[in-house]
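Colleague: To start, I am sharing the structure in question, which I have written as structure tokens.
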Amino acid sequence: MSIQSLKPIFEAENIAIVGASKDPGKAAHQIQKRMIKQGFKGRLFPVNPREKEILGLPCYPSVADIKERLDLIVICVPARAVLSVMRQAADREDIKGAVIISAGFAETGIPQQAELQQEIVEVARAAKIRVFGPNCIGVINTRISLNTTFSPGCDALPGDIGYFTQSGALGGSLIMLALDQPYPLGYSKWAHVGNMCDVNNLEILEYYGQDPEVKVIAGYMEGVPNGRELMILADRITRKKPVLLLKVGRTDIGSKATFSHTGTLSGSDKIYDAAFAQSGIVRVNTVDELIYSAKALSMAPYPAGNRVCIITEAGGPGIIAMDELGSDKSVRLAPVTEKTQEAIKEALPPMAMVCKPNGYIDMTAAAMEKEHMDTLRLVLDDPNVDSAILISLPPTFLPAEKLAQEIAGVIKEYKKPVMVCFMKGEPMLAARAYLEEAGIPTFDTPAQASRALINMTKAAARLDFQGSGFSDVGKAAGKAHQLVEGAAKEMRNLLEPEAIKLLSDYGLRMYPHFLVNSREEAVKAAKEIGFPVVLKIVSPQIIHKSEYKGVRLNLKNEEEVAGSYDSLVGHIKTAAPEAEIKGVLAAPFVTGGIEVIVGMIRDPQFGPVVMFGSGGIMVEVFQDVSFRVAPFSKEAALQMIKETKISQVLKGIRGEEPKDIDSLANLLAKIGDVAVDNSMISEMDLNPVLVLEKGVTVLDARVIIGE
């Protein structure tokens with residue numbers, strides 16, 4: 001259905017509450033009471049065959065007995081009665097949405113209850129009724145005081161944040177935390193999807209993306225059935241408005257038994273990190289971070305760049321802010337101009353530390369209102385400063401509220417964000433409330449202020465993004481390679497010569513090689529390749545050759561090649577008697593360059609995911625890796641490389657010449673294309689790959705088919 005099918009729910013004018021009750025201990029009673037108290041701008045129709053009126057409103061025996069038009073029904077009856085109510089709603093032909101508060105369906109794990117839920121879905125779809133739930137508390141639209149929830153503290157305070165959640169309790173807590181700020185933080189929409197039998201979190205995200213009343217989207221997510229759909233949607237939305245997501249499950253790596261290094265190193269959470277960053281979603285780690293980041297994005301102007309200046313009147317809190325900023329490469333300390341530095345020194349007491357390091361100003365506790373104002377104005381006036389963090393715990397001789405009034409005037413002069421940290425506590429509450437009422441976000445701690453600014457900077461950098469994103473990156477050819485199809489039919493992995501052929505056919509330059517089956521053929525191949533050479537066993541049963549000592553390196557002449565061929569084959573026959581030996585691969589022995597790993601794994605939610613990192617035998621020890629969901633552009637591949645520590649080595653250190661990062665980025669993007677085309681490939685492992693001063697060389701390639 002069109003996403004606009006949700007609008008009649010969020011904009012409902014006439015609502016029936018089925019299962020309405022006079023008992024304050026019932027959810028239906030609290031929902032009706034809250035809607036009346038908060039001044040719902042439409043009409044409510046309580047439904048209960050045993051009551052004449054509830055909370056001053058006439059009660060109806062059934063949905064069918066309501067003669068006026070209905071837009072939405074809120075169902076609060078036992079699970080066994082819900083299907084009958086939905087059938088009545090379908091018969092009316094005017095109801096567009098249903099919020100099923102009732103629990104006891106698929107979430108129980110009982111097959112009969114799951115079947116009952118499916119019956120409800122079938123009735124709703126036939127009648128074109130959109131369903132929230134079951135087992136959910138529905139929706140809020142603060143503009144019209146529509147509120148189907150029974151969570152405590154979920155008052156309707158208009159604002160511009162749109163919340164969605166997979167947990168009703170957690171979602172209610174988000175609102176309570178937002179309203180518990182020094183000056184209550186309002187919101188526009190809120191939605192809990194419950195069992196997601198129909199309406200899901202992606203639809204809410206898309207609806208908010210199109211809603212002009214929602215400026216910032218904030219969500220709590222436990223999982224998503226289609227990760228690629230999420231990425232395509234978010235890639236489009238985050239170019240227009242920020243999306244903050246709290247995705248839980250960081251410690252559950254979701255690992256499974258895998259054949260490749262890539263599979264060992266990839267965890268579902270690492271892939272979520274990559275997918276979110278790739279599509280512009282700002283991931284947060286805690287409920288508090290979700291709220292204070294949303295507050296910053298809702299209140300403050302967005303920064304034009306990532307250069308941050310810290311202004312503090314106390315050393316300890318300032319250092320905490322420095323540490324937080326230093327933990328994320330998205331921001332950097334502002335290179336304040338010498339002219340500004342000199343002016344700040346003149347404005348501050350002699351003991352002040354100005355730009356040591358540059359971008360960090362410790363005014364000391366001797367700074368009064370004027371010093372705060374002058375320093376802040378000079379910093380914001382500097383063209384090299386995009387944003388600022390102001391940290392202060394005003395002493396008793398400097399009234400906090402008066403200071404807030406003075407600095408608010410300065411901040412409002414500029415279109416640059418300033419995160420103000422007056423620390424948490426009763427003495428600071430009035431000052432912080434004044435600032436937030438003026439549209440200036442305040443924070444309990446320096447770390448909060450810094451993290452909020454980091455998240456704001458990430459979101460702002462994505463707005464009006466014109467580059468190639470996940471939703472518009474060019475797709476690969478789309479036709480599976482015959483080698484892959486053949487191996488899949490035979491239920492085996494690709495042999496290394498086949499893997500080399502596959503990659504070669506995709507335009508990747510691979511090393512010259514020969515598959516040989518005798519010592520004489522091995523010698524002949526080595527002479528044609530040129531010494532030194534390497535010999536590698538080729539067997540469908542031997543995936544990691546080093547574990548079976550299935551490789552002979554640096555063979556410099558005919559005698560070494562002949563002897564090594566015999567010893568290699570003989571050793572494998574003894575060490576792995578079950579292995580079918582298809583031959584021995586002869587290839588050049590290449591030295592020099594930097595060893596890296598390139599891999600691919602097919603994630604159940606996001607599909608093909610490419611990995612890059614430090615290579616060689618220590619890859620699983622150091623785990624210096626980054627990920628991208630395929631397909632992706634060369635520009636995305638370059639950023640992927642930049643995220644790893646090995647990137648510094650590739651750029652050249654201690655007199656070493658820089659390596660060919662451009663060719664490496666092409667390789668990464670091309671592996672993504674191979675993965676997109678060939679859905680039967682479950683894993684690929686290119687390890688090691690040598691990055692040379694010109695070009696890259698794949699020294700070992702494994703392609704795993706199927707599960």
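By convention in this document, the chains of the structure tokens carry letters A, B, ... by their order, each chain's residues are numbered from 1, and ligands are numbered from 1 in the order they are shown.
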I need the residues in segment 476-596 of chain A that are strand (DSSP E) according to DSSP; give them as a PyMOL selection string.

Modeller: chain A and resi 514-516+533-538+551-555+583-588+594-596

Colleague: Might you pull out every residue within 7 Å of segment 583-596 of chain A, with only C-alpha atoms counted and same-chain residues fewer than 5 positions away left off, and present them as a list in words?

Modeller: Pro512, His513, Phe514, Leu515, Val516, Asn517, Ala522, Ala525, Ala526, Ile529, Pro532, Val533, Val534, Leu535, Lys536, Ile537, Val538, Leu553, Asn554, Gly613, Ser614, Gly615, Gly616, Asn687, Pro688, Val689, Leu690, Val691 and Leu692 of chain A

Colleague: If you count only C-alpha atoms, which residues fall within 10 Å of Asn455 of chain A, apart from same-chain ones fewer than 5 positions away, as a CSV table (one decimal) with N, CA and C atoms, in the first residue's frame?

Modeller:
chain,number,residue,atom,x,y,z
A,242,PRO,N,17.7,14.6,9.4
A,242,PRO,CA,18.5,13.6,10.2
A,242,PRO,C,17.7,12.4,10.6
A,244,LEU,N,18.3,9.4,13.5
A,244,LEU,CA,19.0,8.9,14.6
A,244,LEU,C,18.4,7.6,15.0
A,281,ILE,N,22.5,7.1,8.3
A,281,ILE,CA,21.9,7.0,9.6
A,281,ILE,C,22.9,7.3,10.7
A,282,VAL,N,22.6,8.1,11.7
A,282,VAL,CA,23.5,8.3,12.8
A,282,VAL,C,23.1,7.3,13.9
A,283,ARG,N,24.0,6.4,14.2
A,283,ARG,CA,23.7,5.4,15.2
A,283,ARG,C,24.1,5.9,16.6
A,284,VAL,N,23.2,5.8,17.6
A,284,VAL,CA,23.5,6.2,18.9
A,284,VAL,C,23.6,4.9,19.8
A,289,GLU,N,21.6,9.3,24.8
A,289,GLU,CA,22.2,9.8,23.6
A,289,GLU,C,21.2,10.1,22.5
A,290,LEU,N,20.2,9.3,22.4
A,290,LEU,CA,19.2,9.5,21.4
A,290,LEU,C,18.5,10.8,21.7
A,292,TYR,N,19.4,13.5,23.8
A,292,TYR,CA,20.2,14.7,23.7
A,292,TYR,C,20.7,15.0,22.3
A,293,SER,N,20.9,14.0,21.5
A,293,SER,CA,21.2,14.3,20.1
A,293,SER,C,20.1,14.8,19.3
A,294,ALA,N,18.9,14.3,19.6
A,294,ALA,CA,17.7,14.8,18.9
A,294,ALA,C,17.4,16.2,19.4
A,296,ALA,N,19.7,18.5,20.2
A,296,ALA,CA,20.6,19.4,19.5
A,296,ALA,C,20.2,19.6,18.1
A,297,LEU,N,19.7,18.6,17.4
A,297,LEU,CA,19.3,18.7,16.0
A,297,LEU,C,18.0,19.5,15.9
A,328,ASP,N,36.3,10.4,17.8
A,328,ASP,CA,35.5,10.3,16.5
A,328,ASP,C,36.1,11.1,15.4
A,330,SER,N,34.9,12.2,12.8
A,330,SER,CA,34.0,13.0,12.1
A,330,SER,C,34.2,14.5,12.4
A,331,VAL,N,34.8,14.8,13.5
A,331,VAL,CA,35.1,16.2,13.9
A,331,VAL,C,36.5,16.4,14.2
A,450,SER,N,29.6,17.0,23.8
A,450,SER,CA,30.5,16.7,22.7
A,450,SER,C,29.9,15.6,21.8
A,460,ALA,N,24.5,16.6,9.7
A,460,ALA,CA,24.6,17.8,8.8
A,460,ALA,C,25.4,17.6,7.6
A,461,ALA,N,26.5,16.8,7.7
A,461,ALA,CA,27.3,16.5,6.5
A,461,ALA,C,26.5,15.7,5.5

Colleague: Excluding Ile175 of chain A and its own-chain neighbours fewer than 5 positions away, which residues fall within 8 Å of it when counting only C-alpha atoms? Please give them as an MDAnalysis selection string.

Modeller: chainID A and resid 153:155

Colleague: Using C-alpha atoms, can you export the residues from the last selection as a PDB file, in the first residue's frame?

Modeller:
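Contents of out.pdb, as written:
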ATOM      1  CA  GLY A 153       4.077  10.691  31.222  1.00  0.00           C
ATOM      2  CA  CYS A 154       3.366  10.627  27.492  1.00  0.00           C
ATOM      3  CA  ASP A 155       1.909  14.109  27.378  1.00  0.00           C
TER       4      ASP A 155
END

Colleague: Determine the nearest neighbour of Ile54 of chain A from the options A:Lys41, A:Lys22, A:Arg492, A:Lys573, counting only C-alpha atoms.

Modeller: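 Selected residue with least distance to Ile54 of chain A: A:Lys22.
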
Colleague: With only C-alpha atoms as the basis for distance, which of A:Ala275, A:Ala575, A:Ile454, A:Leu233 is at the shortest distance from Met322 of chain A?

Modeller: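 Among the listed residues, A:Ile454 lies closest to Met322 of chain A.
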
Colleague: Set the distance at 12 Å and use only C-alpha atoms: which residues neighbour Glu11 of chain A once local chain neighbours fewer than 3 positions away are removed? I'd like the list as a PyMOL selection string.

Modeller: chain A and resi 4-8+14-15+40-42+70-72+96-97+139-147+188-189+211

Colleague: With C-alpha atoms retained, could you export that selection as a compact mmCIF listing (two decimals), in the first residue's frame?

Modeller:
# COMPACT_ATOMS: atom_id res chain seq x y z
CA GLN A 4 -0.07 7.83 2.38
CA SER A 5 -2.37 5.13 3.74
CA LEU A 6 -0.90 5.99 7.17
CA LYS A 7 -2.07 9.60 7.02
CA PRO A 8 -5.71 8.86 7.97
CA ASN A 14 -13.32 10.19 14.56
CA ILE A 15 -12.02 7.34 16.73
CA PHE A 40 -8.29 15.66 21.29
CA LYS A 41 -9.58 17.78 18.46
CA GLY A 42 -11.75 15.05 16.95
CA LEU A 70 -15.03 6.47 11.64
CA ASP A 71 -11.37 6.90 10.68
CA LEU A 72 -9.63 4.78 13.31
CA LYS A 96 -8.84 3.35 7.45
CA GLY A 97 -6.79 2.20 10.42
CA VAL A 139 0.34 6.46 17.76
CA ILE A 140 0.59 10.06 18.91
CA ASN A 141 0.09 13.25 16.91
CA THR A 142 0.66 16.17 19.27
CA ARG A 143 -0.80 18.79 16.90
CA ILE A 144 -4.30 17.33 17.25
CA SER A 145 -3.75 15.69 20.69
CA LEU A 146 -4.26 12.22 19.22
CA ASN A 147 -2.76 9.79 21.74
CA SER A 188 5.44 15.94 16.50
CA LYS A 189 4.69 12.25 16.01
CA ASP A 211 6.09 14.65 6.81

Colleague: For Arg451 of chain A, which residue out of A:Val308, A:Ala433, A:Leu508, A:Val385 is the nearest one, using only C-alpha atoms?

Modeller: A:Val308

Colleague: Report the distance between atom CA of Leu348 of chain A and atom CA of Thr375 of chain A in Å, rounded to one decimal place.

Modeller: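 Result for atom CA of Leu348 of chain A versus atom CA of Thr375 of chain A: 7.7 Å, one decimal.
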
Colleague: Residues within 12 Å of Asp673 of chain A, please, as a ChimeraX atom specification. Count only C-alpha atoms; anything in the same chain fewer than 2 positions from it doesn't count.

Modeller: /A:473-481,502-503,505-508,600,608-610,629-634,666-671,675-679,681

Colleague: Env of Leu638 of chain A: 8 Å cut, atoms = only C-alpha atoms, seq-sep filter 2 positions within chain, self excluded. Answer as a PDB file with N, CA and C atoms, in the first residue's frame.

Modeller:
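Saved to result_15.pdb:
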ATOM      1  N   LYS A 634      33.335   3.602  -5.953  1.00  0.00           N
ATOM      2  CA  LYS A 634      34.765   3.699  -5.677  1.00  0.00           C
ATOM      3  C   LYS A 634      35.021   4.693  -4.548  1.00  0.00           C
ATOM      4  N   GLU A 635      34.238   5.783  -4.500  1.00  0.00           N
ATOM      5  CA  GLU A 635      34.398   6.773  -3.429  1.00  0.00           C
ATOM      6  C   GLU A 635      34.113   6.147  -2.073  1.00  0.00           C
ATOM      7  N   ALA A 636      33.083   5.298  -2.011  1.00  0.00           N
ATOM      8  CA  ALA A 636      32.772   4.605  -0.763  1.00  0.00           C
ATOM      9  C   ALA A 636      33.892   3.644  -0.390  1.00  0.00           C
ATOM     10  N   MET A 640      36.130   3.468   2.961  1.00  0.00           N
ATOM     11  CA  MET A 640      36.248   2.185   3.650  1.00  0.00           C
ATOM     12  C   MET A 640      37.705   1.908   4.033  1.00  0.00           C
ATOM     13  N   ILE A 641      38.616   2.162   3.094  1.00  0.00           N
ATOM     14  CA  ILE A 641      40.051   1.974   3.347  1.00  0.00           C
ATOM     15  C   ILE A 641      40.523   2.934   4.428  1.00  0.00           C
ATOM     16  N   LYS A 642      40.046   4.170   4.354  1.00  0.00           N
ATOM     17  CA  LYS A 642      40.465   5.218   5.292  1.00  0.00           C
ATOM     18  C   LYS A 642      40.103   4.879   6.729  1.00  0.00           C
ATOM     19  N   ILE A 661      46.473   3.002  -3.637  1.00  0.00           N
ATOM     20  CA  ILE A 661      45.172   2.925  -2.956  1.00  0.00           C
ATOM     21  C   ILE A 661      44.031   2.994  -3.961  1.00  0.00           C
ATOM     22  N   ASP A 662      44.254   3.704  -5.051  1.00  0.00           N
ATOM     23  CA  ASP A 662      43.214   3.834  -6.069  1.00  0.00           C
ATOM     24  C   ASP A 662      42.862   2.470  -6.670  1.00  0.00           C
ATOM     25  N   ALA A 665      40.895   0.431  -4.169  1.00  0.00           N
ATOM     26  CA  ALA A 665      39.488   0.835  -4.100  1.00  0.00           C
ATOM     27  C   ALA A 665      38.702   0.231  -5.261  1.00  0.00           C
TER      28      ALA A 665
END

Colleague: Take atom CA of Tyr548 of chain A and atom CA of Leu686 of chain A and report the distance between them in Å, one decimal.

Modeller: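 A separation of 18.2 Å between them.
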
Colleague: When you draw a straight line from atom CA of Pro46 of chain A to atom CA of Ser167 of chain A, how long is it in Å?

Modeller: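 Between these atoms lies a distance of 26.3 Å.
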
Colleague: Kindly assemble as a tab-separated table a list of the segment 280-325 of chain A residues that lie within 12 Å of segment 379-382 of chain A, each paired with its nearest atom pair and their distance in Å to one decimal, using only C-alpha atoms, sorted first by chain and then by ascending residue number.

Modeller:
residue	atom	partner	partner_atom	distance
A:Pro303	CA	A:Leu380	CA	11.5
A:Arg307	CA	A:Asp382	CA	11.0
A:Val308	CA	A:Val379	CA	10.0
A:Cys309	CA	A:Val379	CA	7.4
A:Ile310	CA	A:Val379	CA	9.4
A:Ile311	CA	A:Val379	CA	8.8

Colleague: Using DSSP secondary structure from the backbone, list all helix (DSSP H, G or I) positions within segment 184-260 of chain A, as an MDAnalysis selection string.

Modeller: chainID A and resid 201:210 227:237

Colleague: Next, dump the selected residues to file, keeping only N, CA and C atoms, as a CSV table (one decimal), in the first residue's frame.

Modeller:
chain,number,residue,atom,x,y,z
A,201,ASN,N,8.3,-0.7,11.0
A,201,ASN,CA,9.1,0.5,11.3
A,201,ASN,C,9.7,1.2,10.1
A,202,LEU,N,9.9,0.5,9.0
A,202,LEU,CA,10.3,1.1,7.8
A,202,LEU,C,9.3,2.0,7.2
A,203,GLU,N,8.0,1.6,7.3
A,203,GLU,CA,7.0,2.5,6.8
A,203,GLU,C,6.8,3.8,7.6
A,204,ILE,N,7.0,3.6,8.9
A,204,ILE,CA,7.0,4.8,9.7
A,204,ILE,C,8.1,5.8,9.4
A,205,LEU,N,9.3,5.2,9.2
A,205,LEU,CA,10.5,6.0,8.8
A,205,LEU,C,10.2,6.7,7.5
A,206,GLU,N,9.6,6.0,6.5
A,206,GLU,CA,9.3,6.7,5.2
A,206,GLU,C,8.2,7.7,5.4
A,207,TYR,N,7.2,7.5,6.2
A,207,TYR,CA,6.2,8.5,6.4
A,207,TYR,C,6.7,9.7,7.1
A,208,TYR,N,7.6,9.6,8.1
A,208,TYR,CA,8.2,10.7,8.7
A,208,TYR,C,9.1,11.5,7.7
A,209,GLY,N,9.8,10.7,6.8
A,209,GLY,CA,10.6,11.3,5.9
A,209,GLY,C,9.9,12.3,5.0
A,210,GLN,N,8.6,12.0,4.7
A,210,GLN,CA,7.8,12.9,3.9
A,210,GLN,C,6.9,13.9,4.7
A,227,GLY,N,17.3,-5.4,5.6
A,227,GLY,CA,18.3,-4.4,5.8
A,227,GLY,C,18.6,-3.5,4.5
A,228,ARG,N,18.5,-4.1,3.4
A,228,ARG,CA,18.8,-3.4,2.1
A,228,ARG,C,17.7,-2.4,1.9
A,229,GLU,N,16.4,-2.7,2.2
A,229,GLU,CA,15.3,-1.8,2.0
A,229,GLU,C,15.5,-0.6,3.0
A,230,LEU,N,16.0,-0.9,4.2
A,230,LEU,CA,16.2,0.2,5.2
A,230,LEU,C,17.3,1.1,4.6
A,231,MET,N,18.4,0.6,4.0
A,231,MET,CA,19.4,1.4,3.5
A,231,MET,C,19.0,2.3,2.4
A,232,ILE,N,18.2,1.7,1.4
A,232,ILE,CA,17.7,2.5,0.3
A,232,ILE,C,16.9,3.7,0.8
A,233,LEU,N,16.0,3.3,1.7
A,233,LEU,CA,15.1,4.4,2.3
A,233,LEU,C,15.9,5.4,3.0
A,234,ALA,N,16.8,5.0,3.9
A,234,ALA,CA,17.5,6.0,4.7
A,234,ALA,C,18.4,6.8,3.8
A,235,ASP,N,19.0,6.2,2.8
A,235,ASP,CA,19.9,7.0,1.9
A,235,ASP,C,19.2,8.2,1.3
A,236,ARG,N,17.9,8.0,1.0
A,236,ARG,CA,17.1,9.1,0.4
A,236,ARG,C,16.7,10.1,1.5
A,237,ILE,N,16.2,9.6,2.7
A,237,ILE,CA,15.7,10.5,3.7
A,237,ILE,C,16.8,11.4,4.3
